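Inspection log for the structure reproduced underneath, given as C-alpha coordinates.
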Amino acid sequence: MTLTVNGETVDLAPEVTVAALVAERTDQRRIAVARNGEVVPRGEWATTTLADGDEVEILAAVAGG
(Lines give C-alpha, C1' and ligand atoms only; values in the text may rest on other atoms or scores of the structure.)
Protein backbone atom coordinates (compact mmCIF):
# COMPACT_ATOMS: atom_id res chain seq x y z
CA MET A 1 0.00 0.00 0.00
CA THR A 2 1.09 3.57 -0.56
CA LEU A 3 0.81 6.31 2.07
CA THR A 4 2.05 9.83 2.47
CA VAL A 5 4.14 10.25 5.62
CA ASN A 6 5.22 13.80 6.45
CA GLY A 7 4.78 14.74 2.79
CA GLU A 8 6.81 11.79 1.45
CA THR A 9 5.28 8.91 -0.52
CA VAL A 10 6.00 5.62 1.25
CA ASP A 11 5.26 2.03 0.20
CA LEU A 12 4.40 -0.29 3.09
CA ALA A 13 3.05 -3.79 3.59
CA PRO A 14 -0.70 -4.00 4.19
CA GLU A 15 -2.11 -4.02 7.72
CA VAL A 16 0.55 -1.71 9.22
CA THR A 17 -0.52 -0.03 12.44
CA VAL A 18 0.30 3.48 13.54
CA ALA A 19 2.42 1.95 16.34
CA ALA A 20 4.52 -0.04 13.85
CA LEU A 21 5.03 2.97 11.59
CA VAL A 22 6.07 5.20 14.50
CA ALA A 23 8.45 2.53 15.87
CA GLU A 24 10.09 2.24 12.46
CA ARG A 25 10.61 5.99 12.06
CA THR A 26 11.21 7.45 15.56
CA ASP A 27 12.19 6.70 19.14
CA GLN A 28 8.50 7.26 20.11
CA ARG A 29 9.21 9.96 22.71
CA ARG A 30 7.21 13.18 22.63
CA ILE A 31 5.49 12.20 19.40
CA ALA A 32 2.02 13.03 18.11
CA VAL A 33 0.43 11.37 15.09
CA ALA A 34 -2.33 12.58 12.79
CA ARG A 35 -3.98 10.38 10.18
CA ASN A 36 -5.94 12.14 7.46
CA GLY A 37 -5.99 15.32 9.55
CA GLU A 38 -7.25 13.68 12.74
CA VAL A 39 -5.06 13.13 15.81
CA VAL A 40 -4.66 9.46 16.73
CA PRO A 41 -4.53 9.13 20.53
CA ARG A 42 -1.43 7.24 21.71
CA GLY A 43 -3.64 4.60 23.34
CA GLU A 44 -5.07 3.74 19.90
CA TRP A 45 -1.79 3.47 17.96
CA ALA A 46 -1.58 -0.33 18.31
CA THR A 47 -5.14 -0.84 17.05
CA THR A 48 -5.25 1.81 14.31
CA THR A 49 -4.48 0.15 11.00
CA LEU A 50 -3.36 2.37 8.15
CA ALA A 51 -4.99 2.12 4.72
CA ASP A 52 -3.83 2.74 1.17
CA GLY A 53 -3.87 6.47 0.46
CA ASP A 54 -3.77 7.63 4.09
CA GLU A 55 -1.89 10.81 4.87
CA VAL A 56 0.08 10.55 8.10
CA GLU A 57 1.93 13.28 9.97
CA ILE A 58 4.39 12.26 12.68
CA LEU A 59 5.21 15.29 14.78
CA ALA A 60 7.87 15.64 17.47
CA ALA A 61 7.49 18.09 20.35
CA VAL A 62 10.44 20.44 20.60
CA ALA A 63 11.32 22.34 23.76
CA GLY A 64 13.34 25.46 23.75
CA GLY A 65 13.50 29.00 24.84
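In the C-alpha coordinates, chains take the letters A, B, ... in the order shown, each chain's residues start at 1, and ligands count up from 1 in the order shown.
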Write out as an mmCIF file with N, CA, C and O atoms, in the first residue's frame the set of residues from chain A that DSSP, computed on the backbone, places in strand (DSSP E or B).
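Final output, saved to states_5.cif:
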```cif
data_model
loop_
_atom_site.group_PDB
_atom_site.id
_atom_site.type_symbol
_atom_site.label_atom_id
_atom_site.label_comp_id
_atom_site.auth_asym_id
_atom_site.auth_seq_id
_atom_site.Cartn_x
_atom_site.Cartn_y
_atom_site.Cartn_z
ATOM 1 N N THR A 2 0.342 2.321 -0.465
ATOM 2 C CA THR A 2 1.086 3.569 -0.560
ATOM 3 C C THR A 2 0.447 4.622 0.331
ATOM 4 O O THR A 2 -0.763 4.838 0.280
ATOM 5 N N LEU A 3 1.261 5.248 1.174
ATOM 6 C CA LEU A 3 0.812 6.306 2.070
ATOM 7 C C LEU A 3 1.656 7.544 1.829
ATOM 8 O O LEU A 3 2.712 7.476 1.209
ATOM 9 N N THR A 4 1.222 8.631 2.406
ATOM 10 C CA THR A 4 2.047 9.831 2.470
ATOM 11 C C THR A 4 2.387 10.048 3.933
ATOM 12 O O THR A 4 1.491 10.158 4.774
ATOM 13 N N VAL A 5 3.682 10.051 4.244
ATOM 14 C CA VAL A 5 4.144 10.251 5.616
ATOM 15 C C VAL A 5 5.003 11.507 5.644
ATOM 16 O O VAL A 5 6.048 11.555 4.996
ATOM 17 N N GLU A 8 6.026 12.706 2.278
ATOM 18 C CA GLU A 8 6.806 11.785 1.454
ATOM 19 C C GLU A 8 5.976 10.541 1.125
ATOM 20 O O GLU A 8 5.344 9.959 2.005
ATOM 21 N N THR A 9 5.982 10.127 -0.138
ATOM 22 C CA THR A 9 5.281 8.911 -0.524
ATOM 23 C C THR A 9 6.069 7.703 -0.040
ATOM 24 O O THR A 9 7.277 7.614 -0.250
ATOM 25 N N VAL A 10 5.366 6.783 0.642
ATOM 26 C CA VAL A 10 6.002 5.617 1.248
ATOM 27 C C VAL A 10 5.205 4.376 0.869
ATOM 28 O O VAL A 10 3.975 4.373 0.953
ATOM 29 N N ASP A 11 5.897 3.319 0.460
ATOM 30 C CA ASP A 11 5.256 2.030 0.199
ATOM 31 C C ASP A 11 5.458 1.134 1.406
ATOM 32 O O ASP A 11 6.588 0.935 1.864
ATOM 33 N N THR A 17 0.135 -0.887 11.446
ATOM 34 C CA THR A 17 -0.516 -0.029 12.437
ATOM 35 C C THR A 17 0.272 1.262 12.616
ATOM 36 O O THR A 17 1.438 1.357 12.235
ATOM 37 N N ILE A 31 5.973 12.299 20.773
ATOM 38 C CA ILE A 31 5.494 12.198 19.397
ATOM 39 C C ILE A 31 3.971 12.322 19.390
ATOM 40 O O ILE A 31 3.288 11.785 20.253
ATOM 41 N N ALA A 32 3.460 12.995 18.382
ATOM 42 C CA ALA A 32 2.022 13.026 18.112
ATOM 43 C C ALA A 32 1.827 12.554 16.674
ATOM 44 O O ALA A 32 2.692 12.759 15.826
ATOM 45 N N VAL A 33 0.702 11.895 16.430
ATOM 46 C CA VAL A 33 0.427 11.367 15.091
ATOM 47 C C VAL A 33 -0.959 11.811 14.654
ATOM 48 O O VAL A 33 -1.922 11.737 15.421
ATOM 49 N N ALA A 34 -1.038 12.260 13.408
ATOM 50 C CA ALA A 34 -2.329 12.581 12.795
ATOM 51 C C ALA A 34 -2.484 11.719 11.548
ATOM 52 O O ALA A 34 -1.534 11.520 10.799
ATOM 53 N N ARG A 35 -3.659 11.173 11.369
ATOM 54 C CA ARG A 35 -3.985 10.380 10.179
ATOM 55 C C ARG A 35 -5.147 11.059 9.484
ATOM 56 O O ARG A 35 -6.216 11.229 10.072
ATOM 57 N N GLU A 38 -6.685 13.933 11.415
ATOM 58 C CA GLU A 38 -7.249 13.682 12.744
ATOM 59 C C GLU A 38 -6.174 13.096 13.649
ATOM 60 O O GLU A 38 -5.500 12.128 13.285
ATOM 61 N N VAL A 39 -6.036 13.649 14.857
ATOM 62 C CA VAL A 39 -5.063 13.130 15.813
ATOM 63 C C VAL A 39 -5.457 11.711 16.216
ATOM 64 O O VAL A 39 -6.626 11.423 16.463
ATOM 65 N N THR A 49 -5.127 0.672 12.198
ATOM 66 C CA THR A 49 -4.476 0.154 11.000
ATOM 67 C C THR A 49 -4.546 1.200 9.898
ATOM 68 O O THR A 49 -5.593 1.789 9.649
ATOM 69 N N GLU A 55 -2.907 9.781 4.680
ATOM 70 C CA GLU A 55 -1.890 10.813 4.868
ATOM 71 C C GLU A 55 -1.586 10.883 6.355
ATOM 72 O O GLU A 55 -2.476 11.141 7.166
ATOM 73 N N VAL A 56 -0.334 10.621 6.701
ATOM 74 C CA VAL A 56 0.080 10.546 8.099
ATOM 75 C C VAL A 56 1.118 11.630 8.373
ATOM 76 O O VAL A 56 2.044 11.828 7.583
ATOM 77 N N GLU A 57 0.951 12.307 9.496
ATOM 78 C CA GLU A 57 1.928 13.276 9.974
ATOM 79 C C GLU A 57 2.436 12.775 11.311
ATOM 80 O O GLU A 57 1.642 12.511 12.218
ATOM 81 N N ILE A 58 3.753 12.610 11.426
ATOM 82 C CA ILE A 58 4.391 12.259 12.684
ATOM 83 C C ILE A 58 5.127 13.512 13.146
ATOM 84 O O ILE A 58 6.034 13.983 12.484
ATOM 85 N N LEU A 59 4.698 14.024 14.298
ATOM 86 C CA LEU A 59 5.210 15.293 14.780
ATOM 87 C C LEU A 59 5.939 15.102 16.108
ATOM 88 O O LEU A 59 5.440 14.417 17.004
ATOM 89 N N ALA A 60 7.101 15.710 16.228
ATOM 90 C CA ALA A 60 7.866 15.639 17.467
ATOM 91 C C ALA A 60 7.757 16.960 18.194
ATOM 92 O O ALA A 60 7.893 18.027 17.603
#
```
For this session: Run DSSP on the backbone and grab whatever in chain A lands in alpha helix (DSSP H); send it over as a ChimeraX atom specification.
Result: /A:18-25
Atoms kept (all heavy atoms) for selection, written as a JSON list (two decimals), in the first residue's frame:
```
[["chain", "number", "residue", "atom", "x", "y", "z"],
["A", 18, "VAL", "N", -0.38, 2.22, 13.22],
["A", 18, "VAL", "CA", 0.30, 3.48, 13.54],
["A", 18, "VAL", "C", 1.49, 3.18, 14.45],
["A", 18, "VAL", "O", 2.58, 3.72, 14.25],
["A", 18, "VAL", "CB", -0.67, 4.48, 14.22],
["A", 18, "VAL", "CG1", 0.08, 5.66, 14.80],
["A", 18, "VAL", "CG2", -1.73, 4.93, 13.23],
["A", 19, "ALA", "N", 1.32, 2.29, 15.42],
["A", 19, "ALA", "CA", 2.42, 1.95, 16.34],
["A", 19, "ALA", "C", 3.63, 1.41, 15.59],
["A", 19, "ALA", "O", 4.77, 1.79, 15.88],
["A", 19, "ALA", "CB", 1.95, 0.94, 17.38],
["A", 20, "ALA", "N", 3.41, 0.53, 14.62],
["A", 20, "ALA", "CA", 4.52, -0.04, 13.85],
["A", 20, "ALA", "C", 5.22, 1.02, 13.01],
["A", 20, "ALA", "O", 6.45, 1.05, 12.93],
["A", 20, "ALA", "CB", 4.02, -1.18, 12.97],
["A", 21, "LEU", "N", 4.45, 1.90, 12.40],
["A", 21, "LEU", "CA", 5.03, 2.97, 11.59],
["A", 21, "LEU", "C", 5.87, 3.91, 12.45],
["A", 21, "LEU", "O", 7.00, 4.25, 12.10],
["A", 21, "LEU", "CB", 3.93, 3.75, 10.87],
["A", 21, "LEU", "CG", 4.42, 4.93, 10.02],
["A", 21, "LEU", "CD1", 5.26, 4.43, 8.85],
["A", 21, "LEU", "CD2", 3.23, 5.73, 9.53],
["A", 22, "VAL", "N", 5.35, 4.30, 13.60],
["A", 22, "VAL", "CA", 6.07, 5.20, 14.50],
["A", 22, "VAL", "C", 7.35, 4.52, 15.01],
["A", 22, "VAL", "O", 8.41, 5.13, 15.04],
["A", 22, "VAL", "CB", 5.17, 5.65, 15.67],
["A", 22, "VAL", "CG1", 5.98, 6.37, 16.74],
["A", 22, "VAL", "CG2", 4.06, 6.55, 15.15],
["A", 23, "ALA", "N", 7.27, 3.25, 15.37],
["A", 23, "ALA", "CA", 8.45, 2.53, 15.87],
["A", 23, "ALA", "C", 9.54, 2.45, 14.81],
["A", 23, "ALA", "O", 10.73, 2.53, 15.13],
["A", 23, "ALA", "CB", 8.06, 1.12, 16.32],
["A", 24, "GLU", "N", 9.13, 2.33, 13.56],
["A", 24, "GLU", "CA", 10.09, 2.24, 12.46],
["A", 24, "GLU", "C", 10.78, 3.58, 12.20],
["A", 24, "GLU", "O", 11.93, 3.62, 11.78],
["A", 24, "GLU", "CB", 9.35, 1.78, 11.20],
["A", 24, "GLU", "CG", 10.19, 1.71, 9.95],
["A", 24, "GLU", "CD", 9.36, 1.33, 8.75],
["A", 24, "GLU", "OE1", 8.72, 0.27, 8.79],
["A", 24, "GLU", "OE2", 9.36, 2.11, 7.78],
["A", 25, "ARG", "N", 10.10, 4.68, 12.46],
["A", 25, "ARG", "CA", 10.61, 5.99, 12.06],
["A", 25, "ARG", "C", 11.13, 6.87, 13.19],
["A", 25, "ARG", "O", 11.79, 7.87, 12.92],
["A", 25, "ARG", "CB", 9.52, 6.75, 11.31],
["A", 25, "ARG", "CG", 9.19, 6.07, 10.01],
["A", 25, "ARG", "CD", 8.19, 6.88, 9.22],
["A", 25, "ARG", "NE", 8.28, 6.45, 7.83],
["A", 25, "ARG", "CZ", 8.88, 7.14, 6.88],
["A", 25, "ARG", "NH1", 9.44, 8.29, 7.13],
["A", 25, "ARG", "NH2", 8.92, 6.68, 5.65]]
```
Problem set entry | All residues 10 Å or closer to Glu15 (chain A), only C-alpha atoms, same chain fewer than 4 positions away omitted, as number ranges by chain | A: 1, 20, 48-52
Next, the residues of the selection above should be written as an mmCIF file, in the first residue's frame with all heavy atoms.
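The result, written out as selection-v3.cif:
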```cif
data_model
loop_
_atom_site.group_PDB
_atom_site.id
_atom_site.type_symbol
_atom_site.label_atom_id
_atom_site.label_comp_id
_atom_site.auth_asym_id
_atom_site.auth_seq_id
_atom_site.Cartn_x
_atom_site.Cartn_y
_atom_site.Cartn_z
ATOM 1 N N MET A 1 0.851 -1.177 0.000
ATOM 2 C CA MET A 1 0.000 0.000 0.000
ATOM 3 C C MET A 1 0.889 1.230 0.000
ATOM 4 O O MET A 1 2.035 1.178 0.436
ATOM 5 C CB MET A 1 -0.948 -0.041 1.182
ATOM 6 C CG MET A 1 -0.379 0.398 2.480
ATOM 7 S SD MET A 1 -1.624 0.350 3.775
ATOM 8 C CE MET A 1 -0.553 0.110 5.147
ATOM 9 N N ALA A 20 3.411 0.533 14.617
ATOM 10 C CA ALA A 20 4.521 -0.043 13.851
ATOM 11 C C ALA A 20 5.218 1.023 13.009
ATOM 12 O O ALA A 20 6.453 1.049 12.929
ATOM 13 C CB ALA A 20 4.016 -1.177 12.970
ATOM 14 N N THR A 48 -4.895 1.012 15.488
ATOM 15 C CA THR A 48 -5.253 1.814 14.311
ATOM 16 C C THR A 48 -4.443 1.333 13.118
ATOM 17 O O THR A 48 -3.229 1.534 13.057
ATOM 18 C CB THR A 48 -5.009 3.314 14.564
ATOM 19 O OG1 THR A 48 -5.787 3.717 15.695
ATOM 20 C CG2 THR A 48 -5.393 4.138 13.349
ATOM 21 N N THR A 49 -5.127 0.672 12.198
ATOM 22 C CA THR A 49 -4.476 0.154 11.000
ATOM 23 C C THR A 49 -4.546 1.200 9.898
ATOM 24 O O THR A 49 -5.593 1.789 9.649
ATOM 25 C CB THR A 49 -5.183 -1.142 10.533
ATOM 26 O OG1 THR A 49 -5.171 -2.080 11.607
ATOM 27 C CG2 THR A 49 -4.471 -1.750 9.338
ATOM 28 N N LEU A 50 -3.426 1.410 9.242
ATOM 29 C CA LEU A 50 -3.358 2.368 8.150
ATOM 30 C C LEU A 50 -3.890 1.748 6.866
ATOM 31 O O LEU A 50 -3.837 0.531 6.686
ATOM 32 C CB LEU A 50 -1.916 2.835 7.970
ATOM 33 C CG LEU A 50 -1.338 3.540 9.206
ATOM 34 C CD1 LEU A 50 0.152 3.739 9.057
ATOM 35 C CD2 LEU A 50 -2.055 4.855 9.439
ATOM 36 N N ALA A 51 -4.401 2.583 5.980
ATOM 37 C CA ALA A 51 -4.991 2.118 4.716
ATOM 38 C C ALA A 51 -4.306 2.808 3.541
ATOM 39 O O ALA A 51 -3.731 3.899 3.686
ATOM 40 C CB ALA A 51 -6.485 2.423 4.698
ATOM 41 N N ASP A 52 -4.390 2.185 2.393
ATOM 42 C CA ASP A 52 -3.826 2.743 1.173
ATOM 43 C C ASP A 52 -4.367 4.155 0.966
ATOM 44 O O ASP A 52 -5.564 4.403 1.105
ATOM 45 C CB ASP A 52 -4.195 1.852 -0.011
ATOM 46 C CG ASP A 52 -3.414 2.210 -1.261
ATOM 47 O OD1 ASP A 52 -2.180 2.295 -1.187
ATOM 48 O OD2 ASP A 52 -4.055 2.417 -2.304
#
```
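Between Gln28 (chain A) and the candidates A:Glu44, A:Val16, A:Gly7, A:Ala61, the tightest atom-to-atom separation, counting only C-alpha atoms, involves A:Ala61.
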Exercise. Do you have the CA of Asn36 (chain A)-CA of Gly64 (chain A) distance handy?
Worked result: 28.5 Å
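If you look at CA of Gly37 (chain A) and CA of Asp54 (chain A), they are 9.7 Å away from each other.
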